[in-house]
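Asks: Dumping the structure here so I can ask a few things about it.
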Amino acid sequence: KELFERFCACPGSQSYHHAYLGGLLEHTVAVADNCAHVAGRYQGVDRDLLVASALLHDVGKVDELTFETGVGYTDEGRLIGHVVLGARRAREAAARAGTDATVLLRLEHAMLSHHGELECGSPKKPSTIEALLLHHVDNMDAKSAGFAQVLSGATLAEEVWTDSANLFRRPLFAPRALEDDRPHRADEDAQHFRLTA
């Protein structure tokens, strides 16, 4: 129960993406939802393994980040990082549940390789289809949220272009007029529900 409560409250990162209370849960749900969607599009994908990997890929952030009075890093977070901390948590839980060793190996691999590259914090590069898809879906959600965060700052400042001092290291186009005319996602979801109900 304590882990779940901490997971639900945890930010997605210190400043890169979903950097607010509850951001980790929002990011995780988006990644799992997108993984469930793409699983059927590619041959040989174990959908259950992919979705489980998505749900667990960032669980180590509850040990990596402190967020009681601001977002920072724990000593474990600085020295080990959420990728390894999360895989460690998954291994311990799997041992208690009696999870099949091959399934656990593939789950751990997806979790350990979800950053995609060694220089991005992954101890391994993706070597299974589930790990590859998890990496790309996670990266897409994180970067899309980071992009939106940068654009919201430009919109508040009533600028069409951001400066290049952002996580993308380039100016980003922030067309306020287009954004104001576009229906919000909740409105689109409500309309879809009315059409299909």
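Every chain in the structure tokens takes a letter, A first, then B, and so on in the order presented; its residues are numbered from 1, and the ligands are numbered from 1 following the presented order.
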Assign secondary structure with DSSP using the backbone only, and return the residues of region 14-148 of chain A in strand (DSSP E) as a VMD selection string.
Replies: chain A and resid 65 to 66 72 to 73
Asks: List as number ranges by chain the protein and nucleic acid residues near Leu105 (chain A), meaning an atom at most 12 Å away when only C-alpha atoms are counted, but skip any in the same chain fewer than 2 places from it.
Replies: A: 49, 53, 87-88, 90-91, 94-95, 99-103, 107-112, 127-128, 131
Asks: Print the selection's residues with C-alpha atoms to a file, as a PDB file, in the first residue's frame.
Replies:
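To be explicit, this is the file written out as selection36.pdb:
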```
ATOM      1  CA  LEU A  49       4.829  -8.768 -21.204  1.00  0.00           C
ATOM      2  CA  SER A  53       6.989  -3.774 -18.653  1.00  0.00           C
ATOM      3  CA  ALA A  87      14.475  -3.906 -11.979  1.00  0.00           C
ATOM      4  CA  ARG A  88      15.568  -4.831  -8.467  1.00  0.00           C
ATOM      5  CA  ALA A  90      10.549  -6.295  -9.988  1.00  0.00           C
ATOM      6  CA  ARG A  91      12.910  -9.199  -9.267  1.00  0.00           C
ATOM      7  CA  ALA A  94       8.582 -11.831  -8.930  1.00  0.00           C
ATOM      8  CA  ALA A  95      10.442 -14.084  -6.490  1.00  0.00           C
ATOM      9  CA  THR A  99       7.103 -15.856 -11.607  1.00  0.00           C
ATOM     10  CA  ASP A 100       8.545 -18.012 -14.395  1.00  0.00           C
ATOM     11  CA  ALA A 101      12.292 -17.352 -14.761  1.00  0.00           C
ATOM     12  CA  THR A 102      12.114 -16.736 -18.535  1.00  0.00           C
ATOM     13  CA  VAL A 103       9.271 -14.246 -18.169  1.00  0.00           C
ATOM     14  CA  LEU A 107      10.665  -8.289 -18.077  1.00  0.00           C
ATOM     15  CA  GLU A 108      13.935  -7.249 -16.429  1.00  0.00           C
ATOM     16  CA  HIS A 109      15.566  -6.794 -19.825  1.00  0.00           C
ATOM     17  CA  ALA A 110      12.769  -4.477 -20.999  1.00  0.00           C
ATOM     18  CA  MET A 111      13.006  -2.463 -17.787  1.00  0.00           C
ATOM     19  CA  LEU A 112      16.811  -2.255 -17.857  1.00  0.00           C
ATOM     20  CA  SER A 127      17.269  -6.818 -27.624  1.00  0.00           C
ATOM     21  CA  THR A 128      13.651  -8.024 -27.666  1.00  0.00           C
ATOM     22  CA  ALA A 131      12.021  -3.880 -24.984  1.00  0.00           C
TER      23      ALA A 131
END
```
Asks: Under the rule that only C-alpha atoms are counted, which of A:Val62, A:Gly86, A:Ala54, A:Gln14 is the nearest residue to Glu2 (chain A)?
Replies: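 Ranked by minimum distance to Glu2 (chain A), first place goes to A:Val62.
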Asks: Suppose you want the space between CA of Arg47 (chain A) and CA of Arg106 (chain A); what is it in Å?
Replies: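 Calculated distance between CA of Arg47 (chain A) and CA of Arg106 (chain A) is 12.5 Å.
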Asks: Calculated over only C-alpha atoms, which of the candidates A:Leu172, A:Leu167, A:Ala30, A:Leu104 has the smallest distance to Arg89 (chain A)?
Replies: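 Closest to Arg89 (chain A), using only C-alpha atoms: A:Leu104.
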Asks: Which residue out of A:Ala52, A:Val137, A:Leu21, A:Ala148 has the minimum interatomic distance to His37 (chain A) when only C-alpha atoms are used?
Replies: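 Smallest separation from His37 (chain A) among the options: A:Val137.
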Asks: Neighbouring residues of Glu64 (chain A) were defined as those with any atom within 8 Å, considering only C-alpha atoms; residues of the same chain fewer than 3 positions away were excluded. Please report them as a tab-separated table (two decimals) with C-alpha atoms, in the first residue's frame.
Replies:
```
chain	number	residue	atom	x	y	z
A	60	GLY	CA	12.37	2.69	-9.40
A	61	LYS	CA	11.62	6.42	-9.39
A	73	TYR	CA	17.38	12.80	-5.67
A	74	THR	CA	18.04	10.24	-2.96
A	75	ASP	CA	21.53	8.84	-2.49
A	76	GLU	CA	20.31	5.59	-4.12
A	77	GLY	CA	18.91	7.63	-6.99
A	78	ARG	CA	22.21	9.40	-7.59
A	81	GLY	CA	19.36	5.24	-10.65
A	82	HIS	CA	15.74	4.32	-11.21
A	85	LEU	CA	16.31	0.21	-8.70
```
